[in-house]
file model05.cif (mmCIF, N, CA and C atoms)
data_target
#
loop_
_atom_site.label_atom_id
_atom_site.label_comp_id
_atom_site.auth_asym_id
_atom_site.auth_seq_id
_atom_site.Cartn_x
_atom_site.Cartn_y
_atom_site.Cartn_z
N MET H 1 0.84 -1.19 0.00
CA MET H 1 0.00 0.00 0.00
C MET H 1 0.88 1.24 0.00
N ARG H 2 0.42 2.24 -0.67
CA ARG H 2 1.17 3.49 -0.74
C ARG H 2 0.86 4.35 0.49
N PRO H 3 1.80 5.24 0.84
CA PRO H 3 1.58 6.10 2.01
C PRO H 3 0.32 6.98 1.91
N MET H 4 -0.01 7.47 0.72
CA MET H 4 -1.21 8.30 0.57
C MET H 4 -2.46 7.52 0.90
N GLN H 5 -2.49 6.26 0.50
CA GLN H 5 -3.66 5.43 0.78
C GLN H 5 -3.77 5.13 2.27
N ILE H 6 -2.65 4.92 2.93
CA ILE H 6 -2.66 4.66 4.37
C ILE H 6 -3.17 5.88 5.12
N ILE H 7 -2.68 7.06 4.75
CA ILE H 7 -3.14 8.30 5.38
C ILE H 7 -4.63 8.49 5.11
N GLY H 8 -5.09 8.16 3.92
CA GLY H 8 -6.50 8.27 3.58
C GLY H 8 -7.36 7.35 4.45
N ILE H 9 -6.90 6.13 4.67
CA ILE H 9 -7.64 5.20 5.52
C ILE H 9 -7.71 5.71 6.96
N VAL H 10 -6.60 6.26 7.44
CA VAL H 10 -6.58 6.80 8.80
C VAL H 10 -7.54 7.98 8.92
N LEU H 11 -7.56 8.86 7.92
CA LEU H 11 -8.49 10.00 7.94
C LEU H 11 -9.94 9.55 7.94
N ILE H 12 -10.26 8.54 7.15
CA ILE H 12 -11.63 8.02 7.12
C ILE H 12 -12.00 7.43 8.47
N ALA H 13 -11.08 6.69 9.07
CA ALA H 13 -11.36 6.08 10.37
C ALA H 13 -11.57 7.14 11.45
N VAL H 14 -10.72 8.15 11.48
CA VAL H 14 -10.85 9.22 12.47
C VAL H 14 -12.14 10.01 12.24
N GLY H 15 -12.44 10.32 11.00
CA GLY H 15 -13.67 11.04 10.69
C GLY H 15 -14.91 10.26 11.07
N GLY H 16 -14.90 8.96 10.79
CA GLY H 16 -16.03 8.11 11.18
C GLY H 16 -16.19 8.03 12.68
N PHE H 17 -15.09 7.91 13.40
CA PHE H 17 -15.15 7.87 14.86
C PHE H 17 -15.72 9.17 15.42
N LEU H 18 -15.27 10.30 14.88
CA LEU H 18 -15.77 11.59 15.36
C LEU H 18 -17.24 11.79 15.04
N LEU H 19 -17.71 11.28 13.90
CA LEU H 19 -19.13 11.39 13.58
C LEU H 19 -19.99 10.54 14.52
N ILE H 20 -19.50 9.36 14.86
CA ILE H 20 -20.28 8.45 15.70
C ILE H 20 -20.18 8.83 17.18
N GLN H 21 -18.97 8.98 17.69
CA GLN H 21 -18.77 9.21 19.12
C GLN H 21 -18.71 10.69 19.50
N GLY H 22 -18.36 11.51 18.56
CA GLY H 22 -18.14 12.92 18.88
C GLY H 22 -16.75 13.08 19.49
N GLY H 23 -16.29 14.27 19.57
CA GLY H 23 -14.96 14.53 20.12
C GLY H 23 -14.93 15.88 20.80
N THR H 24 -14.06 16.00 21.77
CA THR H 24 -13.92 17.27 22.47
C THR H 24 -12.44 17.60 22.61
N PHE H 25 -12.18 18.87 22.78
CA PHE H 25 -10.84 19.32 23.12
C PHE H 25 -10.98 20.46 24.10
N SER H 26 -9.96 20.66 24.90
CA SER H 26 -10.04 21.70 25.92
C SER H 26 -8.98 22.77 25.68
N THR H 27 -9.35 23.98 26.07
CA THR H 27 -8.42 25.10 26.00
C THR H 27 -8.35 25.74 27.38
N ARG H 28 -7.22 26.29 27.68
CA ARG H 28 -7.04 26.97 28.97
C ARG H 28 -7.11 28.47 28.72
N LYS H 29 -7.91 29.13 29.53
CA LYS H 29 -8.12 30.56 29.36
C LYS H 29 -7.82 31.26 30.68
N GLU H 30 -7.02 32.32 30.61
CA GLU H 30 -6.70 33.08 31.81
C GLU H 30 -7.88 34.00 32.12
N VAL H 31 -8.45 33.83 33.32
CA VAL H 31 -9.65 34.56 33.68
C VAL H 31 -9.30 35.83 34.46
N LEU H 32 -8.34 35.71 35.37
CA LEU H 32 -8.03 36.84 36.24
C LEU H 32 -6.54 36.84 36.52
N LYS H 33 -5.93 38.03 36.49
CA LYS H 33 -4.52 38.15 36.81
C LYS H 33 -4.35 39.42 37.65
N VAL H 34 -3.95 39.22 38.89
CA VAL H 34 -3.71 40.33 39.81
C VAL H 34 -2.34 40.09 40.44
N GLY H 35 -1.36 40.86 40.02
CA GLY H 35 0.00 40.68 40.54
C GLY H 35 0.51 39.30 40.19
N ASP H 36 0.92 38.54 41.22
CA ASP H 36 1.40 37.17 41.01
C ASP H 36 0.28 36.15 40.99
N LEU H 37 -0.92 36.56 41.33
CA LEU H 37 -2.07 35.65 41.37
C LEU H 37 -2.68 35.53 39.97
N LYS H 38 -2.78 34.28 39.51
CA LYS H 38 -3.38 34.01 38.21
C LYS H 38 -4.47 32.98 38.40
N VAL H 39 -5.62 33.24 37.83
CA VAL H 39 -6.72 32.29 37.85
C VAL H 39 -7.04 31.93 36.41
N SER H 40 -7.06 30.63 36.13
CA SER H 40 -7.36 30.19 34.77
C SER H 40 -8.46 29.13 34.82
N ALA H 41 -9.12 28.97 33.70
CA ALA H 41 -10.20 28.00 33.59
C ALA H 41 -10.02 27.18 32.31
N ASN H 42 -10.43 25.92 32.39
CA ASN H 42 -10.42 25.06 31.21
C ASN H 42 -11.79 25.11 30.56
N GLU H 43 -11.79 25.29 29.25
CA GLU H 43 -13.04 25.31 28.49
C GLU H 43 -13.07 24.08 27.59
N GLU H 44 -14.18 23.36 27.62
CA GLU H 44 -14.37 22.19 26.75
C GLU H 44 -15.10 22.62 25.48
N HIS H 45 -14.59 22.20 24.34
CA HIS H 45 -15.20 22.50 23.05
C HIS H 45 -15.44 21.18 22.33
N SER H 46 -16.55 21.09 21.63
CA SER H 46 -16.81 19.89 20.86
C SER H 46 -16.34 20.09 19.41
N VAL H 47 -15.99 18.98 18.79
CA VAL H 47 -15.56 19.02 17.39
C VAL H 47 -16.81 19.09 16.52
N ALA H 48 -16.84 20.02 15.60
CA ALA H 48 -18.01 20.20 14.72
C ALA H 48 -18.13 19.01 13.78
N PRO H 49 -19.35 18.56 13.54
CA PRO H 49 -19.55 17.41 12.63
C PRO H 49 -19.03 17.66 11.22
N TRP H 50 -19.02 18.91 10.76
CA TRP H 50 -18.52 19.16 9.41
C TRP H 50 -17.03 18.88 9.32
N MET H 51 -16.30 19.01 10.44
CA MET H 51 -14.87 18.69 10.43
C MET H 51 -14.66 17.19 10.23
N ALA H 52 -15.51 16.38 10.86
CA ALA H 52 -15.43 14.94 10.67
C ALA H 52 -15.75 14.58 9.23
N GLY H 53 -16.77 15.22 8.67
CA GLY H 53 -17.11 14.98 7.27
C GLY H 53 -16.00 15.39 6.33
N ALA H 54 -15.33 16.50 6.64
CA ALA H 54 -14.21 16.95 5.82
C ALA H 54 -13.05 15.96 5.88
N ALA H 55 -12.83 15.35 7.04
CA ALA H 55 -11.77 14.35 7.16
C ALA H 55 -12.09 13.12 6.32
N ILE H 56 -13.35 12.73 6.30
CA ILE H 56 -13.75 11.57 5.49
C ILE H 56 -13.58 11.87 4.00
N VAL H 57 -14.02 13.05 3.57
CA VAL H 57 -13.88 13.43 2.16
C VAL H 57 -12.41 13.51 1.76
N ALA H 58 -11.58 14.08 2.63
CA ALA H 58 -10.14 14.17 2.33
C ALA H 58 -9.53 12.77 2.26
N GLY H 59 -9.96 11.88 3.14
CA GLY H 59 -9.46 10.51 3.10
C GLY H 59 -9.82 9.80 1.81
N ILE H 60 -11.06 9.98 1.37
CA ILE H 60 -11.48 9.37 0.11
C ILE H 60 -10.68 9.94 -1.05
N ALA H 61 -10.44 11.25 -1.03
CA ALA H 61 -9.65 11.88 -2.10
C ALA H 61 -8.21 11.34 -2.11
N LEU H 62 -7.62 11.16 -0.94
CA LEU H 62 -6.25 10.62 -0.88
C LEU H 62 -6.19 9.19 -1.39
N ILE H 63 -7.17 8.39 -1.04
CA ILE H 63 -7.19 7.00 -1.52
C ILE H 63 -7.35 6.97 -3.04
N ALA H 64 -8.24 7.81 -3.57
CA ALA H 64 -8.45 7.84 -5.02
C ALA H 64 -7.20 8.34 -5.74
N THR H 65 -6.55 9.34 -5.18
CA THR H 65 -5.33 9.87 -5.80
C THR H 65 -4.20 8.84 -5.73
N GLY H 66 -4.07 8.18 -4.61
CA GLY H 66 -3.02 7.17 -4.45
C GLY H 66 -3.25 5.97 -5.36
N ALA H 67 -4.50 5.62 -5.58
CA ALA H 67 -4.81 4.46 -6.43
C ALA H 67 -4.59 4.78 -7.91
N SER H 68 -4.79 6.03 -8.30
CA SER H 68 -4.67 6.37 -9.71
C SER H 68 -3.23 6.60 -10.16
N ARG H 69 -2.34 6.87 -9.20
CA ARG H 69 -0.93 7.09 -9.55
C ARG H 69 -0.22 5.78 -9.82
N LYS H 70 0.62 5.78 -10.80
CA LYS H 70 1.46 4.61 -11.11
C LYS H 70 2.86 4.86 -10.55
N SER H 71 3.45 3.84 -9.94
CA SER H 71 4.81 4.04 -9.41
C SER H 71 5.86 3.48 -10.31
#
call {"tool": "encode", "arguments": {"input": "model05.cif", "output": "structure tokens"}}
result
Amino acid sequence: MRPMQIIGIVLIAVGGFLLIQGGTFSTRKEVLKVGDLKVSANEEHSVAPWMAGAAIVAGIALIATGASRKS
């Protein structure tokens, strides 16, 4: 298998997982800073479903491109 096809399969798998299970990521935000005192909070964000769909489409494109190239 070519590397482009492997990356395409991984993208499809990750995109499918995110569509089915959903995904989150967290960011740290500084809320208050007074002198040496710093207060920060973690914010949870969900991954938008269109990002998962874009990963699947990109994976399909990579597989098709990798399959059409001759080595």
call {"tool": "select_by_dssp", "arguments": {"input": "model05.cif", "residues": "chain H", "states": "alpha helix (DSSP H)", "output": "count of residues only"}}
result
39
call {"tool": "resolve_selection", "arguments": {"input": "model05.cif", "expression": "the PyMOL selection byres ((chain H and resi 48) around 8)", "output": "mmCIF file with N, CA and C atoms, in the coordinates of the input"}}
result
data_model
loop_
_atom_site.group_PDB
_atom_site.id
_atom_site.type_symbol
_atom_site.label_atom_id
_atom_site.label_comp_id
_atom_site.auth_asym_id
_atom_site.auth_seq_id
_atom_site.Cartn_x
_atom_site.Cartn_y
_atom_site.Cartn_z
ATOM 1 N N LEU H 18 -15.270 10.300 14.880
ATOM 2 C CA LEU H 18 -15.770 11.590 15.360
ATOM 3 C C LEU H 18 -17.240 11.790 15.040
ATOM 4 N N LEU H 19 -17.710 11.280 13.900
ATOM 5 C CA LEU H 19 -19.130 11.390 13.580
ATOM 6 C C LEU H 19 -19.990 10.540 14.520
ATOM 7 N N GLY H 22 -18.360 11.510 18.560
ATOM 8 C CA GLY H 22 -18.140 12.920 18.880
ATOM 9 C C GLY H 22 -16.750 13.080 19.490
ATOM 10 N N GLY H 23 -16.290 14.270 19.570
ATOM 11 C CA GLY H 23 -14.960 14.530 20.120
ATOM 12 C C GLY H 23 -14.930 15.880 20.800
ATOM 13 N N THR H 24 -14.060 16.000 21.770
ATOM 14 C CA THR H 24 -13.920 17.270 22.470
ATOM 15 C C THR H 24 -12.440 17.600 22.610
ATOM 16 N N HIS H 45 -14.590 22.200 24.340
ATOM 17 C CA HIS H 45 -15.200 22.500 23.050
ATOM 18 C C HIS H 45 -15.440 21.180 22.330
ATOM 19 N N SER H 46 -16.550 21.090 21.630
ATOM 20 C CA SER H 46 -16.810 19.890 20.860
ATOM 21 C C SER H 46 -16.340 20.090 19.410
ATOM 22 N N VAL H 47 -15.990 18.980 18.790
ATOM 23 C CA VAL H 47 -15.560 19.020 17.390
ATOM 24 C C VAL H 47 -16.810 19.090 16.520
ATOM 25 N N PRO H 49 -19.350 18.560 13.540
ATOM 26 C CA PRO H 49 -19.550 17.410 12.630
ATOM 27 C C PRO H 49 -19.030 17.660 11.220
ATOM 28 N N TRP H 50 -19.020 18.910 10.760
ATOM 29 C CA TRP H 50 -18.520 19.160 9.410
ATOM 30 C C TRP H 50 -17.030 18.880 9.320
ATOM 31 N N MET H 51 -16.300 19.010 10.440
ATOM 32 C CA MET H 51 -14.870 18.690 10.430
ATOM 33 C C MET H 51 -14.660 17.190 10.230
ATOM 34 N N ALA H 52 -15.510 16.380 10.860
ATOM 35 C CA ALA H 52 -15.430 14.940 10.670
ATOM 36 C C ALA H 52 -15.750 14.580 9.230
ATOM 37 N N GLY H 53 -16.770 15.220 8.670
ATOM 38 C CA GLY H 53 -17.110 14.980 7.270
ATOM 39 C C GLY H 53 -16.000 15.390 6.330
#
call {"tool": "closest_residue", "arguments": {"input": "model05.cif", "among": "H:Leu32, H:Ile20, H:Leu11, H:Ala41", "to": "Ala58 (chain H)", "atoms": "all atoms listed in the file"}}
result
H:Leu11
call {"tool": "closest_residue", "arguments": {"input": "model05.cif", "among": "H:Val31, H:Gly8, H:Phe25, H:Glu44", "to": "Val57 (chain H)", "atoms": "only C-alpha atoms"}}
result
H:Gly8
call {"tool": "atom_distance", "arguments": {"input": "model05.cif", "atom1": "CA of Gln21 (chain H)", "atom2": "CA of Thr65 (chain H)"}}
result
28.3 Å
call {"tool": "closest_residue", "arguments": {"input": "model05.cif", "among": "H:Arg2, H:Ile60, H:Ala67, H:Glu43", "to": "Lys29 (chain H)", "atoms": "only N, CA and C atoms"}}
result
H:Glu43
call {"tool": "select_by_dssp", "arguments": {"input": "model05.cif", "residues": "chain H", "states": "strand (DSSP E)", "output": "ChimeraX atom specification"}}
result
/H:24-34,37-46
call {"tool": "atom_distance", "arguments": {"input": "model05.cif", "atom1": "atom C of Ala55 (chain H)", "atom2": "atom N of Thr27 (chain H)"}}
result
22.7 Å
call {"tool": "atom_distance", "arguments": {"input": "model05.cif", "atom1": "CA of Ser68 (chain H)", "atom2": "atom N of Gly16 (chain H)"}}
result
23.1 Å
